[in-house]
$ cat run03.cif   # mmCIF, N, CA and C atoms; chains and numbers go by the auth columns
data_work
#
loop_
_atom_site.group_PDB
_atom_site.id
_atom_site.type_symbol
_atom_site.label_atom_id
_atom_site.label_comp_id
_atom_site.label_asym_id
_atom_site.label_seq_id
_atom_site.Cartn_x
_atom_site.Cartn_y
_atom_site.Cartn_z
_atom_site.B_iso_or_equiv
_atom_site.auth_seq_id
_atom_site.auth_asym_id
ATOM 1 N N MET A 1 -61.202 -40.409 135.899 0.00 1 A
ATOM 2 C CA MET A 1 -60.474 -39.160 135.997 0.00 1 A
ATOM 3 C C MET A 1 -61.483 -38.022 136.080 0.00 1 A
ATOM 4 N N GLN A 2 -61.165 -37.040 136.914 0.00 2 A
ATOM 5 C CA GLN A 2 -62.032 -35.885 137.063 0.00 2 A
ATOM 6 C C GLN A 2 -61.250 -34.604 136.829 0.00 2 A
ATOM 7 N N LYS A 3 -61.954 -33.614 136.293 0.00 3 A
ATOM 8 C CA LYS A 3 -61.410 -32.268 136.179 0.00 3 A
ATOM 9 C C LYS A 3 -62.443 -31.319 136.755 0.00 3 A
ATOM 10 N N THR A 4 -61.951 -30.279 137.426 0.00 4 A
ATOM 11 C CA THR A 4 -62.846 -29.259 137.963 0.00 4 A
ATOM 12 C C THR A 4 -62.643 -27.979 137.163 0.00 4 A
ATOM 13 N N MET A 5 -63.742 -27.500 136.607 0.00 5 A
ATOM 14 C CA MET A 5 -63.711 -26.275 135.812 0.00 5 A
ATOM 15 C C MET A 5 -64.297 -25.136 136.634 0.00 5 A
ATOM 16 N N THR A 6 -63.672 -23.977 136.563 0.00 6 A
ATOM 17 C CA THR A 6 -64.214 -22.777 137.192 0.00 6 A
ATOM 18 C C THR A 6 -64.862 -21.963 136.076 0.00 6 A
ATOM 19 N N ILE A 7 -66.154 -21.648 136.276 0.00 7 A
ATOM 20 C CA ILE A 7 -66.945 -21.020 135.214 0.00 7 A
ATOM 21 C C ILE A 7 -67.636 -19.775 135.750 0.00 7 A
ATOM 22 N N GLU A 8 -67.532 -18.688 134.986 0.00 8 A
ATOM 23 C CA GLU A 8 -68.218 -17.439 135.337 0.00 8 A
ATOM 24 C C GLU A 8 -69.451 -17.273 134.454 0.00 8 A
ATOM 25 N N GLY A 9 -70.487 -16.657 135.030 0.00 9 A
ATOM 26 C CA GLY A 9 -71.663 -16.311 134.244 0.00 9 A
ATOM 27 C C GLY A 9 -72.890 -17.150 134.525 0.00 9 A
ATOM 28 N N MET A 10 -72.752 -18.206 135.317 0.00 10 A
ATOM 29 C CA MET A 10 -73.910 -19.037 135.645 0.00 10 A
ATOM 30 C C MET A 10 -74.664 -18.390 136.806 0.00 10 A
ATOM 31 N N MET A 11 -75.971 -18.156 136.609 0.00 11 A
ATOM 32 C CA MET A 11 -76.760 -17.445 137.609 0.00 11 A
ATOM 33 C C MET A 11 -77.864 -18.291 138.248 0.00 11 A
ATOM 34 N N CYS A 12 -78.218 -19.408 137.619 0.00 12 A
ATOM 35 C CA CYS A 12 -79.406 -20.130 138.096 0.00 12 A
ATOM 36 C C CYS A 12 -79.339 -21.609 137.695 0.00 12 A
ATOM 37 N N GLY A 13 -80.358 -22.337 138.079 0.00 13 A
ATOM 38 C CA GLY A 13 -80.445 -23.750 137.739 0.00 13 A
ATOM 39 C C GLY A 13 -80.522 -23.983 136.241 0.00 13 A
ATOM 40 N N HIS A 14 -81.134 -23.062 135.513 0.00 14 A
ATOM 41 C CA HIS A 14 -81.201 -23.195 134.057 0.00 14 A
ATOM 42 C C HIS A 14 -79.806 -23.121 133.451 0.00 14 A
ATOM 43 N N CYS A 15 -78.987 -22.213 133.975 0.00 15 A
ATOM 44 C CA CYS A 15 -77.588 -22.108 133.519 0.00 15 A
ATOM 45 C C CYS A 15 -76.851 -23.420 133.781 0.00 15 A
ATOM 46 N N GLU A 16 -77.044 -23.976 134.978 0.00 16 A
ATOM 47 C CA GLU A 16 -76.415 -25.257 135.331 0.00 16 A
ATOM 48 C C GLU A 16 -76.794 -26.334 134.317 0.00 16 A
ATOM 49 N N ALA A 17 -78.085 -26.424 134.011 0.00 17 A
ATOM 50 C CA ALA A 17 -78.574 -27.450 133.097 0.00 17 A
ATOM 51 C C ALA A 17 -77.988 -27.268 131.695 0.00 17 A
ATOM 52 N N THR A 18 -77.853 -26.020 131.269 0.00 18 A
ATOM 53 C CA THR A 18 -77.291 -25.729 129.945 0.00 18 A
ATOM 54 C C THR A 18 -75.835 -26.183 129.869 0.00 18 A
ATOM 55 N N VAL A 19 -75.053 -25.847 130.894 0.00 19 A
ATOM 56 C CA VAL A 19 -73.635 -26.223 130.919 0.00 19 A
ATOM 57 C C VAL A 19 -73.493 -27.743 131.029 0.00 19 A
ATOM 58 N N LYS A 20 -74.302 -28.362 131.888 0.00 20 A
ATOM 59 C CA LYS A 20 -74.264 -29.823 132.055 0.00 20 A
ATOM 60 C C LYS A 20 -74.537 -30.517 130.726 0.00 20 A
ATOM 61 N N LYS A 21 -75.567 -30.077 130.031 0.00 21 A
ATOM 62 C CA LYS A 21 -75.932 -30.683 128.746 0.00 21 A
ATOM 63 C C LYS A 21 -74.812 -30.504 127.718 0.00 21 A
ATOM 64 N N GLY A 22 -74.234 -29.298 127.698 0.00 22 A
ATOM 65 C CA GLY A 22 -73.152 -29.018 126.753 0.00 22 A
ATOM 66 C C GLY A 22 -71.928 -29.878 126.994 0.00 22 A
ATOM 67 N N LEU A 23 -71.567 -30.065 128.262 0.00 23 A
ATOM 68 C CA LEU A 23 -70.398 -30.892 128.590 0.00 23 A
ATOM 69 C C LEU A 23 -70.681 -32.373 128.341 0.00 23 A
ATOM 70 N N GLU A 24 -71.871 -32.832 128.743 0.00 24 A
ATOM 71 C CA GLU A 24 -72.190 -34.258 128.595 0.00 24 A
ATOM 72 C C GLU A 24 -72.426 -34.652 127.137 0.00 24 A
ATOM 73 N N ALA A 25 -72.532 -33.677 126.245 0.00 25 A
ATOM 74 C CA ALA A 25 -72.646 -33.972 124.812 0.00 25 A
ATOM 75 C C ALA A 25 -71.307 -34.451 124.238 0.00 25 A
ATOM 76 N N LEU A 26 -70.221 -34.179 124.965 0.00 26 A
ATOM 77 C CA LEU A 26 -68.897 -34.640 124.530 0.00 26 A
ATOM 78 C C LEU A 26 -68.755 -36.131 124.843 0.00 26 A
ATOM 79 N N ASP A 27 -68.249 -36.892 123.883 0.00 27 A
ATOM 80 C CA ASP A 27 -68.121 -38.351 124.051 0.00 27 A
ATOM 81 C C ASP A 27 -67.270 -38.736 125.255 0.00 27 A
ATOM 82 N N GLN A 28 -66.247 -37.937 125.562 0.00 28 A
ATOM 83 C CA GLN A 28 -65.318 -38.281 126.637 0.00 28 A
ATOM 84 C C GLN A 28 -65.868 -37.969 128.029 0.00 28 A
ATOM 85 N N VAL A 29 -66.965 -37.234 128.097 0.00 29 A
ATOM 86 C CA VAL A 29 -67.533 -36.834 129.385 0.00 29 A
ATOM 87 C C VAL A 29 -68.613 -37.820 129.805 0.00 29 A
ATOM 88 N N GLU A 30 -68.352 -38.481 130.925 0.00 30 A
ATOM 89 C CA GLU A 30 -69.306 -39.443 131.469 0.00 30 A
ATOM 90 C C GLU A 30 -70.390 -38.724 132.258 0.00 30 A
ATOM 91 N N GLN A 31 -69.970 -37.719 133.044 0.00 31 A
ATOM 92 C CA GLN A 31 -70.910 -36.998 133.896 0.00 31 A
ATOM 93 C C GLN A 31 -70.341 -35.624 134.212 0.00 31 A
ATOM 94 N N ALA A 32 -71.242 -34.642 134.343 0.00 32 A
ATOM 95 C CA ALA A 32 -70.836 -33.296 134.766 0.00 32 A
ATOM 96 C C ALA A 32 -71.732 -32.869 135.917 0.00 32 A
ATOM 97 N N GLN A 33 -71.102 -32.489 137.039 0.00 33 A
ATOM 98 C CA GLN A 33 -71.833 -31.964 138.191 0.00 33 A
ATOM 99 C C GLN A 33 -71.573 -30.467 138.235 0.00 33 A
ATOM 100 N N VAL A 34 -72.621 -29.705 137.926 0.00 34 A
ATOM 101 C CA VAL A 34 -72.471 -28.264 137.760 0.00 34 A
ATOM 102 C C VAL A 34 -73.154 -27.531 138.912 0.00 34 A
ATOM 103 N N SER A 35 -72.473 -26.520 139.459 0.00 35 A
ATOM 104 C CA SER A 35 -73.036 -25.716 140.544 0.00 35 A
ATOM 105 C C SER A 35 -72.882 -24.236 140.216 0.00 35 A
ATOM 106 N N HIS A 36 -74.013 -23.540 140.056 0.00 36 A
ATOM 107 C CA HIS A 36 -73.899 -22.098 139.805 0.00 36 A
ATOM 108 C C HIS A 36 -73.510 -21.356 141.077 0.00 36 A
ATOM 109 N N GLU A 37 -73.840 -21.909 142.263 0.00 37 A
ATOM 110 C CA GLU A 37 -73.450 -21.263 143.511 0.00 37 A
ATOM 111 C C GLU A 37 -71.930 -21.237 143.671 0.00 37 A
ATOM 112 N N LYS A 38 -71.298 -22.349 143.359 0.00 38 A
ATOM 113 C CA LYS A 38 -69.836 -22.451 143.480 0.00 38 A
ATOM 114 C C LYS A 38 -69.128 -21.939 142.231 0.00 38 A
ATOM 115 N N GLY A 39 -69.854 -21.879 141.109 0.00 39 A
ATOM 116 C CA GLY A 39 -69.234 -21.480 139.848 0.00 39 A
ATOM 117 C C GLY A 39 -68.306 -22.548 139.313 0.00 39 A
ATOM 118 N N THR A 40 -68.695 -23.813 139.525 0.00 40 A
ATOM 119 C CA THR A 40 -67.831 -24.912 139.090 0.00 40 A
ATOM 120 C C THR A 40 -68.606 -25.985 138.325 0.00 40 A
ATOM 121 N N ALA A 41 -67.843 -26.759 137.587 0.00 41 A
ATOM 122 C CA ALA A 41 -68.347 -27.990 136.978 0.00 41 A
ATOM 123 C C ALA A 41 -67.298 -29.058 137.240 0.00 41 A
ATOM 124 N N VAL A 42 -67.696 -30.132 137.919 0.00 42 A
ATOM 125 C CA VAL A 42 -66.804 -31.262 138.149 0.00 42 A
ATOM 126 C C VAL A 42 -67.146 -32.295 137.078 0.00 42 A
ATOM 127 N N VAL A 43 -66.192 -32.532 136.207 0.00 43 A
ATOM 128 C CA VAL A 43 -66.416 -33.364 135.031 0.00 43 A
ATOM 129 C C VAL A 43 -65.734 -34.721 135.225 0.00 43 A
ATOM 130 N N THR A 44 -66.513 -35.787 135.121 0.00 44 A
ATOM 131 C CA THR A 44 -65.979 -37.145 135.177 0.00 44 A
ATOM 132 C C THR A 44 -65.770 -37.626 133.753 0.00 44 A
ATOM 133 N N LEU A 45 -64.532 -38.027 133.456 0.00 45 A
ATOM 134 C CA LEU A 45 -64.168 -38.404 132.087 0.00 45 A
ATOM 135 C C LEU A 45 -63.998 -39.912 131.955 0.00 45 A
ATOM 136 N N ASN A 46 -64.350 -40.433 130.774 0.00 46 A
ATOM 137 C CA ASN A 46 -64.114 -41.843 130.483 0.00 46 A
ATOM 138 C C ASN A 46 -62.986 -42.012 129.461 0.00 46 A
ATOM 139 N N ALA A 47 -62.430 -40.883 128.997 0.00 47 A
ATOM 140 C CA ALA A 47 -61.306 -40.900 128.057 0.00 47 A
ATOM 141 C C ALA A 47 -60.611 -39.549 128.131 0.00 47 A
ATOM 142 N N GLU A 48 -59.401 -39.480 127.595 0.00 48 A
ATOM 143 C CA GLU A 48 -58.649 -38.224 127.586 0.00 48 A
ATOM 144 C C GLU A 48 -59.362 -37.192 126.717 0.00 48 A
ATOM 145 N N ILE A 49 -59.350 -35.961 127.187 0.00 49 A
ATOM 146 C CA ILE A 49 -59.856 -34.832 126.400 0.00 49 A
ATOM 147 C C ILE A 49 -59.030 -33.614 126.787 0.00 49 A
ATOM 148 N N SER A 50 -58.768 -32.765 125.824 0.00 50 A
ATOM 149 C CA SER A 50 -57.949 -31.586 126.118 0.00 50 A
ATOM 150 C C SER A 50 -58.762 -30.566 126.911 0.00 50 A
ATOM 151 N N ASP A 51 -58.051 -29.808 127.740 0.00 51 A
ATOM 152 C CA ASP A 51 -58.702 -28.729 128.480 0.00 51 A
ATOM 153 C C ASP A 51 -59.337 -27.738 127.504 0.00 51 A
ATOM 154 N N GLU A 52 -58.681 -27.551 126.367 0.00 52 A
ATOM 155 C CA GLU A 52 -59.184 -26.608 125.365 0.00 52 A
ATOM 156 C C GLU A 52 -60.542 -27.053 124.819 0.00 52 A
ATOM 157 N N ALA A 53 -60.730 -28.361 124.622 0.00 53 A
ATOM 158 C CA ALA A 53 -62.017 -28.873 124.131 0.00 53 A
ATOM 159 C C ALA A 53 -63.120 -28.678 125.165 0.00 53 A
ATOM 160 N N LEU A 54 -62.788 -28.901 126.437 0.00 54 A
ATOM 161 C CA LEU A 54 -63.768 -28.671 127.508 0.00 54 A
ATOM 162 C C LEU A 54 -64.124 -27.186 127.578 0.00 54 A
ATOM 163 N N LYS A 55 -63.109 -26.344 127.505 0.00 55 A
ATOM 164 C CA LYS A 55 -63.320 -24.899 127.565 0.00 55 A
ATOM 165 C C LYS A 55 -64.202 -24.431 126.411 0.00 55 A
ATOM 166 N N LYS A 56 -63.923 -24.923 125.211 0.00 56 A
ATOM 167 C CA LYS A 56 -64.695 -24.529 124.036 0.00 56 A
ATOM 168 C C LYS A 56 -66.159 -24.935 124.177 0.00 56 A
ATOM 169 N N ALA A 57 -66.421 -26.123 124.710 0.00 57 A
ATOM 170 C CA ALA A 57 -67.801 -26.598 124.875 0.00 57 A
ATOM 171 C C ALA A 57 -68.603 -25.651 125.758 0.00 57 A
ATOM 172 N N VAL A 58 -67.969 -25.110 126.798 0.00 58 A
ATOM 173 C CA VAL A 58 -68.652 -24.198 127.723 0.00 58 A
ATOM 174 C C VAL A 58 -68.718 -22.789 127.136 0.00 58 A
ATOM 175 N N GLU A 59 -67.620 -22.331 126.559 0.00 59 A
ATOM 176 C CA GLU A 59 -67.596 -20.958 126.049 0.00 59 A
ATOM 177 C C GLU A 59 -68.476 -20.795 124.818 0.00 59 A
ATOM 178 N N ASP A 60 -68.727 -21.864 124.083 0.00 60 A
ATOM 179 C CA ASP A 60 -69.678 -21.808 122.963 0.00 60 A
ATOM 180 C C ASP A 60 -71.098 -21.546 123.464 0.00 60 A
ATOM 181 N N LEU A 61 -71.332 -21.779 124.759 0.00 61 A
ATOM 182 C CA LEU A 61 -72.642 -21.531 125.376 0.00 61 A
ATOM 183 C C LEU A 61 -72.704 -20.142 126.036 0.00 61 A
ATOM 184 N N ASP A 62 -71.678 -19.340 125.811 0.00 62 A
ATOM 185 C CA ASP A 62 -71.593 -17.968 126.329 0.00 62 A
ATOM 186 C C ASP A 62 -71.307 -17.858 127.820 0.00 62 A
ATOM 187 N N TYR A 63 -70.591 -18.834 128.361 0.00 63 A
ATOM 188 C CA TYR A 63 -70.081 -18.740 129.728 0.00 63 A
ATOM 189 C C TYR A 63 -68.576 -18.657 129.640 0.00 63 A
ATOM 190 N N LYS A 64 -67.937 -18.117 130.683 0.00 64 A
ATOM 191 C CA LYS A 64 -66.475 -17.938 130.653 0.00 64 A
ATOM 192 C C LYS A 64 -65.795 -18.930 131.580 0.00 64 A
ATOM 193 N N VAL A 65 -64.858 -19.694 131.034 0.00 65 A
ATOM 194 C CA VAL A 65 -64.062 -20.640 131.823 0.00 65 A
ATOM 195 C C VAL A 65 -62.811 -19.903 132.285 0.00 65 A
ATOM 196 N N THR A 66 -62.622 -19.847 133.618 0.00 66 A
ATOM 197 C CA THR A 66 -61.466 -19.129 134.156 0.00 66 A
ATOM 198 C C THR A 66 -60.379 -20.078 134.661 0.00 66 A
ATOM 199 N N GLY A 67 -60.670 -21.382 134.702 0.00 67 A
ATOM 200 C CA GLY A 67 -59.649 -22.328 135.141 0.00 67 A
ATOM 201 C C GLY A 67 -60.125 -23.759 135.012 0.00 67 A
ATOM 202 N N ILE A 68 -59.164 -24.653 134.792 0.00 68 A
ATOM 203 C CA ILE A 68 -59.437 -26.102 134.764 0.00 68 A
ATOM 204 C C ILE A 68 -58.338 -26.800 135.529 0.00 68 A
ATOM 205 N N GLN A 69 -58.737 -27.620 136.525 0.00 69 A
ATOM 206 C CA GLN A 69 -57.744 -28.355 137.321 0.00 69 A
ATOM 207 C C GLN A 69 -57.999 -29.828 137.193 0.00 69 A
#
$ encode --input "run03.cif" --output "structure tokens"
Amino acid sequence: MQKTMTIEGMMCGHCEATVKKGLEALDQVEQAQVSHEKGTAVVTLNAEISDEALKKAVEDLDYKVTGIQ
């Protein structure tokens, strides 16, 4: 299962790496493909996780999640 997150505030590759690390620290996240150019993170999940938990993981890093599909 995949979810696509729309994230504001990522400006560079370092931002991408920070968000990727934060998302992949969650047990349910198998992989996160983060793009600061697109402002997205495509998250591959190995178990159910709430959108709120994904949002919190990113917003705790000082980025803003504007949508999850």
$ resolve_selection --input "run03.cif" --expression "the PyMOL selection byres ((chain A and resi 17-22) around 6.5)" --output "PyMOL selection string"
chain A and resi 12-16+23-26+32-34+57-58
$ atom_distance --input "run03.cif" --atom1 "CA of Glu30 in chain A" --atom2 "CA of Lys56 in chain A"
17.3 Å
$ select_by_dssp --input "run03.cif" --residues "chain A" --states "strand (DSSP E)" --output "list in words"
Gln2, Lys3, Thr4, Met5, Thr6, Ile7, Glu8, Val29, Glu30, Gln31, Ala32, Gln33, Val34, Ser35, Thr40, Ala41, Val42, Val43, Thr44, Leu45, Lys64, Val65, Thr66, Gly67 and Ile68 of chain A
$ resolve_selection --input "run03.cif" --expression "the PyMOL selection byres (((chain A and resi 67 and name CA) around 8) and name CA)" --output "ChimeraX atom specification"
/A:5-7,65-66,68-69
$ atom_distance --input "run03.cif" --atom1 "atom N of Val42 in chain A" --atom2 "atom C of Lys3 in chain A"
5.5 Å
$ atom_distance --input "run03.cif" --atom1 "atom N of Ile49 in chain A" --atom2 "CA of Met11 in chain A"
27.5 Å
$ closest_residue --input "run03.cif" --among "A:Thr40, A:Asn46, A:Asp51, A:Gln28" --to "Glu8 in chain A" --atoms "all atoms listed in the file"
A:Thr40
$ select_by_dssp --input "run03.cif" --residues "chain A" --states "helix (DSSP H, G or I)" --output "ChimeraX atom specification"
/A:13-24,51-59
$ closest_residue --input "run03.cif" --among "A:Leu61, A:Met10, A:Met1, A:Leu54" --to "Ser35 in chain A" --atoms "all atoms listed in the file"
A:Met10
$ closest_residue --input "run03.cif" --among "A:Tyr63, A:Gln2, A:Gly9, A:Lys55" --to "His36 in chain A" --atoms "all atoms listed in the file"
A:Gly9
$ residues_near_point --input "run03.cif" --point "(-63.3, -41.8, 128.4)" --cutoff "6 Å" --atoms "all atoms listed in the file" --output "list in words"
Asp27, Gln28, Val29, Leu45, Asn46, Ala47 and Glu48 of chain A
$ write_last_selection --input "run03.cif" --atoms "N, CA and C atoms" --output "mmCIF file, in the coordinates of the input"
data_model
loop_
_atom_site.group_PDB
_atom_site.id
_atom_site.type_symbol
_atom_site.label_atom_id
_atom_site.label_comp_id
_atom_site.auth_asym_id
_atom_site.auth_seq_id
_atom_site.Cartn_x
_atom_site.Cartn_y
_atom_site.Cartn_z
ATOM 1 N N ASP A 27 -68.249 -36.892 123.883
ATOM 2 C CA ASP A 27 -68.121 -38.351 124.051
ATOM 3 C C ASP A 27 -67.270 -38.736 125.255
ATOM 4 N N GLN A 28 -66.247 -37.937 125.562
ATOM 5 C CA GLN A 28 -65.318 -38.281 126.637
ATOM 6 C C GLN A 28 -65.868 -37.969 128.029
ATOM 7 N N VAL A 29 -66.965 -37.234 128.097
ATOM 8 C CA VAL A 29 -67.533 -36.834 129.385
ATOM 9 C C VAL A 29 -68.613 -37.820 129.805
ATOM 10 N N LEU A 45 -64.532 -38.027 133.456
ATOM 11 C CA LEU A 45 -64.168 -38.404 132.087
ATOM 12 C C LEU A 45 -63.998 -39.912 131.955
ATOM 13 N N ASN A 46 -64.350 -40.433 130.774
ATOM 14 C CA ASN A 46 -64.114 -41.843 130.483
ATOM 15 C C ASN A 46 -62.986 -42.012 129.461
ATOM 16 N N ALA A 47 -62.430 -40.883 128.997
ATOM 17 C CA ALA A 47 -61.306 -40.900 128.057
ATOM 18 C C ALA A 47 -60.611 -39.549 128.131
ATOM 19 N N GLU A 48 -59.401 -39.480 127.595
ATOM 20 C CA GLU A 48 -58.649 -38.224 127.586
ATOM 21 C C GLU A 48 -59.362 -37.192 126.717
#
